[in-house]
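Data from model12.txt: compact mmCIF, C-alpha atoms
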# COMPACT_ATOMS: atom_id res chain seq x y z
CA MET A 871 124.23 20.65 -31.79
CA LEU A 872 123.21 17.94 -29.33
CA ILE A 873 120.50 18.33 -26.71
CA GLY A 874 122.97 18.76 -23.83
CA GLU A 875 124.63 21.75 -25.46
CA VAL A 876 121.20 23.23 -26.36
CA GLU A 877 120.27 22.91 -22.69
CA ARG A 878 123.39 24.79 -21.65
CA ARG A 879 122.96 27.57 -24.23
CA SER A 880 119.22 28.11 -23.86
CA GLY A 881 118.69 27.36 -20.17
CA VAL A 882 115.82 25.05 -21.13
CA SER A 883 116.05 21.59 -19.61
CA ALA A 884 116.40 18.52 -21.81
CA ARG A 885 113.13 17.24 -20.40
CA MET A 886 111.32 20.44 -21.46
CA LEU A 887 112.95 20.31 -24.91
CA ARG A 888 111.60 16.80 -25.38
CA HIS A 889 108.19 18.07 -24.23
CA TYR A 890 108.35 20.86 -26.81
CA GLU A 891 109.15 18.27 -29.42
CA SER A 892 106.19 16.10 -28.42
CA LEU A 893 103.91 19.13 -28.89
CA GLY A 894 105.44 19.96 -32.26
CA LEU A 895 106.83 23.28 -31.06
CA VAL A 896 110.48 22.42 -31.81
CA ARG A 897 111.57 19.72 -34.24
CA PRO A 898 115.23 18.71 -34.21
CA THR A 899 116.83 18.85 -37.64
CA GLY A 900 117.83 15.21 -37.40
CA ARG A 901 119.59 12.57 -35.36
CA THR A 902 123.17 11.36 -35.13
CA GLY A 903 124.19 7.84 -36.07
CA SER A 904 123.81 6.97 -32.41
CA GLY A 905 120.23 8.31 -32.35
CA TYR A 906 120.89 11.59 -30.50
CA ARG A 907 118.84 14.61 -31.45
CA GLU A 908 120.58 17.35 -33.40
CA TYR A 909 119.47 20.98 -33.27
CA SER A 910 120.27 23.75 -35.75
CA ASP A 911 120.81 27.45 -35.10
CA GLU A 912 117.25 27.97 -36.35
CA ASN A 913 116.04 25.53 -33.66
CA ILE A 914 117.88 27.58 -31.04
CA ARG A 915 116.27 30.82 -32.24
CA ARG A 916 112.83 29.18 -32.09
CA ILE A 917 113.47 27.97 -28.54
CA PHE A 918 114.31 31.52 -27.49
CA HIS A 919 111.12 32.76 -29.17
CA ILE A 920 109.12 30.13 -27.29
CA GLU A 921 110.61 31.16 -23.96
CA SER A 922 110.01 34.86 -24.68
CA LEU A 923 106.33 34.26 -25.42
CA ARG A 924 105.93 32.01 -22.37
CA SER A 925 107.36 34.79 -20.20
CA LEU A 926 104.33 36.88 -21.22
CA GLY A 927 102.00 34.25 -19.81
CA LEU A 928 101.04 32.54 -23.08
CA SER A 929 100.10 28.88 -22.95
CA LEU A 930 102.13 26.50 -25.09
CA ALA A 931 99.13 26.14 -27.42
CA ASP A 932 99.04 29.92 -27.88
CA VAL A 933 102.80 29.96 -28.42
CA GLY A 934 102.41 27.42 -31.22
CA ARG A 935 99.69 29.52 -32.87
CA ALA A 936 101.76 32.68 -32.56
CA LEU A 937 104.78 31.09 -34.21
CA ASP A 938 103.10 28.98 -36.91
CA ASP A 939 99.82 30.67 -37.88
CA PRO A 940 100.54 33.35 -40.55
CA GLY A 941 97.17 34.99 -39.89
CA PHE A 942 97.63 35.16 -36.12
CA ALA A 943 96.92 38.68 -34.77
CA PRO A 944 98.62 39.26 -31.41
CA SER A 945 96.54 42.26 -30.25
CA GLU A 946 93.50 40.24 -29.15
CA LEU A 947 95.64 37.72 -27.32
CA VAL A 948 97.65 40.45 -25.62
CA ASP A 949 94.42 42.14 -24.46
CA ASP A 950 93.26 38.82 -23.05
CA LEU A 951 96.59 38.38 -21.27
CA VAL A 952 96.25 41.86 -19.75
CA ARG A 953 92.76 41.01 -18.48
CA ARG A 954 93.85 37.67 -17.00
CA THR A 955 96.91 39.24 -15.41
CA ARG A 956 94.79 41.93 -13.76
CA GLU A 957 92.39 39.29 -12.46
CA ARG A 958 95.29 37.27 -11.07
CA ILE A 959 96.83 40.32 -9.40
CA ALA A 960 93.46 41.25 -7.89
CA ALA A 961 93.00 37.70 -6.58
CA GLU A 962 96.50 37.59 -5.12
CA THR A 963 96.07 41.05 -3.59
CA GLU A 964 92.84 39.91 -1.97
CA LEU A 965 94.59 36.81 -0.65
CA LEU A 966 97.46 38.92 0.70
CA THR A 967 95.00 41.24 2.43
CA ARG A 968 93.17 38.31 3.99
CA LEU A 969 96.44 36.75 5.20
CA ARG A 970 97.56 40.05 6.74
CA ARG A 971 94.25 40.41 8.53
CA ILE A 972 94.41 36.89 9.88
CA GLY A 973 97.94 37.58 11.09
CA ALA A 974 96.82 40.83 12.73
CA ALA A 975 94.21 38.87 14.70
CA GLU A 976 97.11 36.96 16.32
CA PRO A 977 95.45 33.53 16.20
CA ALA A 978 96.56 31.12 18.91
CA GLY A 979 95.70 28.05 16.85
CA TRP A 980 94.06 26.81 13.69
CA GLU A 981 90.63 27.03 15.27
CA ASP A 982 91.16 30.78 15.71
CA VAL A 983 92.31 31.04 12.08
CA LEU A 984 89.18 29.27 10.85
CA GLN A 985 86.91 31.47 12.98
CA THR A 986 88.59 34.65 11.72
CA VAL A 987 88.30 33.48 8.11
CA ALA A 988 84.61 32.74 8.65
CA VAL A 989 83.94 36.22 10.04
CA LEU A 990 85.90 37.92 7.25
CA GLN A 991 83.90 35.97 4.69
CA ALA A 992 80.64 36.85 6.46
CA LEU A 993 81.54 40.56 6.37
CA GLY A 994 81.60 40.26 2.58
CA SER A 995 78.42 38.18 2.36
CA LYS A 996 75.51 39.21 0.13
CA SER A 997 73.22 38.63 3.11
CA ALA A 998 72.71 41.74 5.26
CA GLY A 999 71.84 39.50 8.21
CA ALA A 1000 75.10 37.60 7.89
CA ARG A 1001 77.09 40.83 7.69
CA GLN A 1002 75.33 42.21 10.77
CA ARG A 1003 75.96 39.04 12.79
CA ALA A 1004 79.62 39.14 11.77
CA ALA A 1005 79.91 42.75 12.91
CA LEU A 1006 78.36 41.97 16.29
CA SER A 1007 80.44 38.84 16.81
CA SER A 1008 83.66 40.70 16.02
CA VAL A 1009 83.54 42.47 19.38
CA GLU A 1010 83.40 39.59 21.84
CA GLU A 1011 83.54 36.27 19.99
CA VAL A 1012 86.11 36.50 17.20
CA PRO A 1013 88.78 39.22 17.01
CA VAL A 1014 88.65 40.94 13.61
CA PRO A 1015 91.36 43.37 12.43
CA VAL A 1016 90.11 46.94 12.53
CA GLU A 1017 91.16 47.38 8.90
CA ALA A 1018 88.50 44.86 7.88
CA LEU A 1019 85.85 46.64 9.95
CA VAL A 1020 86.72 50.02 8.42
CA GLU A 1021 86.62 48.61 4.90
CA ALA A 1022 83.26 47.05 5.64
CA VAL A 1023 81.69 50.15 7.20
CA LEU A 1024 82.85 52.44 4.38
CA SER A 1025 81.19 50.21 1.79
CA GLU A 1026 78.04 49.26 3.75
CA SER A 1027 74.72 50.61 2.42
CA ASP A 1028 72.33 48.73 4.75
CA PRO A 1029 71.58 51.05 7.72
CA ASN A 1030 71.23 48.23 10.26
CA VAL A 1031 74.50 46.59 9.25
CA ALA A 1032 76.24 49.97 9.14
CA GLY A 1033 75.06 50.69 12.68
CA ALA A 1034 76.43 47.37 13.91
CA LEU A 1035 79.76 48.02 12.19
CA ARG A 1036 80.03 51.51 13.70
CA TRP A 1037 79.25 50.02 17.11
CA ALA A 1038 82.00 47.42 16.64
CA LEU A 1039 84.48 50.07 15.50
CA ALA A 1040 83.68 52.29 18.47
CA ARG A 1041 84.62 49.42 20.78
CA SER A 1042 87.88 48.73 18.99
CA GLY A 1043 89.37 52.00 20.25
CA GLU A 1044 91.16 54.56 18.10
CA ASP A 1045 93.03 52.09 15.88
CA GLY A 1046 90.74 52.68 12.91
CA LEU A 1047 90.79 56.48 13.00
CA ALA A 1048 93.59 56.91 10.46
CA LEU A 1049 91.72 54.77 7.95
CA LEU A 1050 88.45 56.58 8.64
CA ALA A 1051 90.23 59.92 8.23
CA ALA A 1052 91.31 58.79 4.77
CA GLY A 1053 87.65 58.02 4.05
CA LEU A 1054 86.79 61.69 4.68
CA GLY A 1055 88.79 62.53 1.56
CA SER A 1056 87.11 59.95 -0.66
CA PRO A 1057 85.74 61.19 -4.01
CA VAL A 1058 82.54 59.27 -3.21
CA ALA A 1059 80.03 61.26 -1.12
CA GLU A 1060 78.53 58.15 0.50
CA VAL A 1061 81.96 57.01 1.70
CA ARG A 1062 82.67 60.42 3.23
CA GLU A 1063 79.37 60.34 5.10
CA ARG A 1064 80.00 56.81 6.39
CA ALA A 1065 83.47 57.84 7.53
CA VAL A 1066 82.34 60.88 9.55
CA ARG A 1067 79.43 58.99 11.11
CA SER A 1068 81.82 56.24 12.20
CA ILE A 1069 84.27 58.75 13.67
CA ALA A 1070 81.40 60.41 15.53
CA GLU A 1071 80.69 57.19 17.44
CA ILE A 1072 84.26 56.78 18.68
CA PRO A 1073 84.71 58.26 22.18
CA ASP A 1074 86.40 61.58 22.90
CA GLY A 1075 90.10 61.93 22.19
CA ALA A 1076 91.68 61.67 18.76
CA ALA A 1077 88.19 61.32 17.29
CA THR A 1078 87.29 64.80 18.53
CA VAL A 1079 90.40 66.20 16.84
CA LEU A 1080 89.33 64.63 13.54
CA LEU A 1081 85.81 66.00 13.93
CA ARG A 1082 87.19 69.48 14.54
CA ASP A 1083 89.17 69.19 11.32
CA ALA A 1084 86.02 67.99 9.54
CA LEU A 1085 84.31 71.32 10.28
CA THR A 1086 86.28 72.74 7.33
CA ASN A 1087 85.58 69.80 5.01
CA PRO A 1088 84.26 70.88 1.58
CA ASP A 1089 81.39 68.40 1.96
CA VAL A 1090 78.45 70.09 3.72
CA VAL A 1091 77.16 66.70 4.93
CA VAL A 1092 80.49 65.90 6.58
CA ARG A 1093 80.56 69.31 8.25
CA GLY A 1094 77.03 68.79 9.52
CA TYR A 1095 77.65 65.40 11.13
CA ALA A 1096 80.89 66.69 12.66
CA ALA A 1097 79.17 69.76 14.10
CA LEU A 1098 76.29 67.76 15.59
CA GLU A 1099 78.66 65.41 17.39
CA LEU A 1100 80.99 68.18 18.51
CA GLY A 1101 78.05 70.13 19.84
CA ALA A 1102 76.94 67.11 21.85
CA ARG A 1103 80.49 66.92 23.22
CA GLY A 1104 80.34 70.57 24.25
CA VAL A 1105 82.92 71.75 21.71
CA ALA A 1106 82.24 75.42 21.03
CA GLU A 1107 83.99 75.45 17.61
CA ALA A 1108 80.90 73.73 16.21
CA VAL A 1109 78.59 76.66 16.98
CA PRO A 1110 78.94 78.58 13.66
CA THR A 1111 78.27 75.45 11.63
CA LEU A 1112 75.29 74.55 13.81
CA ILE A 1113 73.83 78.02 13.29
CA ASP A 1114 74.35 77.63 9.53
CA MET A 1115 72.45 74.36 9.68
CA ILE A 1116 69.51 76.05 11.42
CA VAL A 1117 69.37 78.81 8.82
CA GLU A 1118 69.65 76.34 5.91
CA GLU A 1119 67.16 73.89 7.49
CA ARG A 1120 69.63 71.01 7.46
CA ASN A 1121 68.92 68.84 10.50
CA ASP A 1122 67.94 72.12 12.11
CA VAL A 1123 66.16 70.54 15.09
CA ASP A 1124 69.20 68.40 15.90
CA ALA A 1125 71.46 71.42 15.39
CA ALA A 1126 69.41 73.48 17.85
CA ASP A 1127 69.58 70.66 20.40
CA ALA A 1128 73.35 70.39 19.91
CA LEU A 1129 73.76 74.10 20.70
CA SER A 1130 72.45 73.52 24.21
CA ALA A 1131 75.51 71.45 25.24
CA PRO A 1132 78.19 74.16 24.93
CA ALA A 1133 75.59 76.63 26.25
CA GLY A 1134 76.11 75.03 29.65
CA ASP A 1135 79.14 77.33 29.89
CA PRO A 1136 77.78 80.85 30.69
CA VAL A 1137 80.43 82.46 28.47
CA TRP A 1138 79.48 80.29 25.54
CA ALA A 1139 75.77 80.72 26.26
CA ASP A 1140 76.19 84.47 25.66
CA ARG A 1141 78.25 83.87 22.52
CA ILE A 1142 75.68 81.42 21.13
CA ALA A 1143 72.82 83.79 21.82
CA THR A 1144 74.76 86.65 20.22
CA GLY A 1145 75.53 84.47 17.21
CA LEU A 1146 71.88 83.57 16.72
CA VAL A 1147 70.76 87.20 17.05
CA ASP A 1148 73.51 88.39 14.68
CA ARG A 1149 72.32 85.96 12.03
CA LEU A 1150 68.77 87.24 12.47
CA GLY A 1151 69.86 90.77 11.63
CA ARG A 1152 72.83 90.18 9.36
CA GLU A 1153 71.23 89.16 6.09
CA PRO A 1154 67.81 88.95 4.43
CA MET A 1155 66.19 85.58 4.98
CA GLY A 1156 62.77 84.03 4.86
CA SER A 1157 60.31 84.06 7.74
CA SER A 1158 60.75 80.34 8.42
CA ALA A 1159 64.53 80.70 8.80
CA ARG A 1160 64.10 83.64 11.20
CA ARG A 1161 61.57 81.64 13.20
CA ARG A 1162 63.97 78.68 13.44
CA LEU A 1163 66.74 80.93 14.72
CA THR A 1164 64.38 82.38 17.30
CA GLN A 1165 63.25 78.92 18.35
CA ALA A 1166 66.91 77.90 18.76
CA LEU A 1167 67.19 80.44 21.60
CA ALA A 1168 64.78 78.33 23.67
CA ASP A 1169 67.39 76.28 25.53
CA ILE A 1170 70.14 78.90 25.71
CA PRO A 1171 70.33 80.29 29.26
CA GLY A 1172 71.47 83.76 30.25
CA ASP A 1173 70.52 87.41 30.15
CA THR A 1174 71.66 87.85 26.55
CA THR A 1175 69.03 85.38 25.43
CA SER A 1176 66.32 86.99 27.58
CA HIS A 1177 67.07 90.45 26.19
CA ALA A 1178 67.13 89.09 22.64
CA LEU A 1179 63.77 87.39 23.08
CA ALA A 1180 62.27 90.55 24.55
CA GLU A 1181 63.31 92.50 21.45
CA LEU A 1182 62.17 89.73 19.10
CA SER A 1183 58.75 89.69 20.76
CA GLN A 1184 58.24 93.10 19.11
CA ASP A 1185 59.57 91.91 15.73
CA ALA A 1186 57.76 93.04 12.59
CA ASP A 1187 57.52 89.40 11.54
CA HIS A 1188 54.42 88.21 13.36
CA ALA A 1189 55.53 84.55 13.46
CA VAL A 1190 58.88 85.53 14.98
CA ALA A 1191 57.21 87.80 17.53
CA LEU A 1192 54.78 85.06 18.60
CA THR A 1193 57.61 82.51 18.93
CA ALA A 1194 59.71 84.91 21.03
CA THR A 1195 56.73 85.81 23.25
CA TYR A 1196 55.99 82.14 23.87
CA LEU A 1197 59.61 81.43 24.75
CA LEU A 1198 59.72 84.40 27.13
CA THR A 1199 56.60 83.06 28.86
CA ARG A 1200 58.24 79.67 29.28
CA ARG A 1201 61.40 81.23 30.70
CA GLY A 1202 59.30 83.22 33.17
CA ALA A 1203 57.45 80.09 34.26
CA ARG A 1204 60.76 78.42 35.10
Take the structure in the file and give it back as structure tokens.
Amino acid sequence: MLIGEVERRSGVSARMLRHYESLGLVRPTGRTGSGYREYSDENIRRIFHIESLRSLGLSLADVGRALDDPGFAPSELVDDLVRRTRERIAAETELLTRLRRIGAAEPAGWEDVLQTVAVLQALGSKSAGARQRAALSSVEEVPVPVEALVEAVLSESDPNVAGALRWALARSGEDGLALLAAGLGSPVAEVRERAVRSIAEIPDGAATVLLRDALTNPDVVVRGYAALELGARGVAEAVPTLIDMIVEERNDVDAADALSAPAGDPVWADRIATGLVDRLGREPMGSSARRRLTQALADIPGDTTSHALAELSQDADHAVALTATYLLTRRGAR
């Protein structure tokens, strides 16, 4: 069989067949009287074997070893091919992500492309200072896709850089909320915390809806950050969680401060005071927890609070009674 027919049957070009021959991968059985190469059926089978192995990503040198070395064990080579393929896929996925982000920035020219690339690279820098500068510049100097900012903030461990990234995200509007919401369900506790803290810095609107949902999150840290921000926004649904935080001494001072915002509504002031008093009498708890609950009544206006403090001033727990008496004195001075 001449080289032209081999080309037609195998789909391998004559040029590549000659290359295989130069490497010793395929040796024609002979030549015609005119000097043309002749290939046997065995040659054809070997060509198909070569092409099959190449389709797996083997180099021609590895193909030669696989076909000619009797002691060749394929498992190690296959494992290496798997590793290299994964690395290539990861690299191409990273490139695709970068290209999408550059496209999302809607560059007007190549200068914009180069600036966006520089900021994206800086966000992944090992230098905390470089990452922080990139976060700050993303707001006014170089537009950066919100997806890149969310990815950066969810992975950032440096508190200063994280603060700059949250600030940048807050100024990008609500575009990143869906991605941050996904972060609330991460199996990694640090990622969940970074997600809720980022949501908390985005102005009222869809962010408040997400924070309300976060009040039922299984992660106590997520619930706490959501409640503190919702309390500051005057959202009454946060009150039970804030009271829990006071009892459990988790950011209890901040939780007590956050209760004062919804307490601006007289109806909610009574409900908050009732909630605090109910917790004082509902279950056994240590003296310090009872004192914290009493102290939390300090900035809650209304008659319900005044009556509660009057009763607590006679409490059997001396520390609670002293705290209530002091608070009553302050209220009278006002």
Residues near Leu1129 of chain A, anyone? I mean within 12 Å using all atoms listed in the file, not counting same-chain ones fewer than 6 positions away, as number ranges by chain.
A: 1097-1116, 1122-1123, 1135, 1138-1143, 1145-1146, 1163, 1165-1171
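Near Asp1187 of chain A, within 12 Å and counting all atoms listed in the file, sit Leu1150, Met1155, Gly1156, Ser1157, Ser1158, Ala1159, Arg1160, Arg1161, Thr1164, Glu1181, Thr1193 and Ala1194 of chain A; same-chain residues fewer than 6 positions away were not included.
For Asn913 of chain A, the set of protein, DNA and RNA residues having any atom at most 10 Å away, when counting all atoms listed in the file and skipping those fewer than 2 positions along the same chain, is Met871, Val876, Leu895, Val896, Arg897, Pro898, Thr899, Glu908, Tyr909, Ser910, Asp911, Arg915, Arg916, Ile917, Phe918 and His919 of chain A.
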Tell me, as a ChimeraX atom specification, which residues lie within 12 Å of Ser1056 of chain A, counting all atoms listed in the file; anything in the same chain fewer than 3 positions away does not count.
/A:1024-1025,1049-1053,1059-1066,1087-1089,1092
Between atom CA of Ala1180 of chain A and atom CA of Thr1199 of chain A, what is the distance in Å, rounded to a tenth?
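Straight-line distance from atom CA of Ala1180 of chain A to atom CA of Thr1199 of chain A works out to 10.3 Å.
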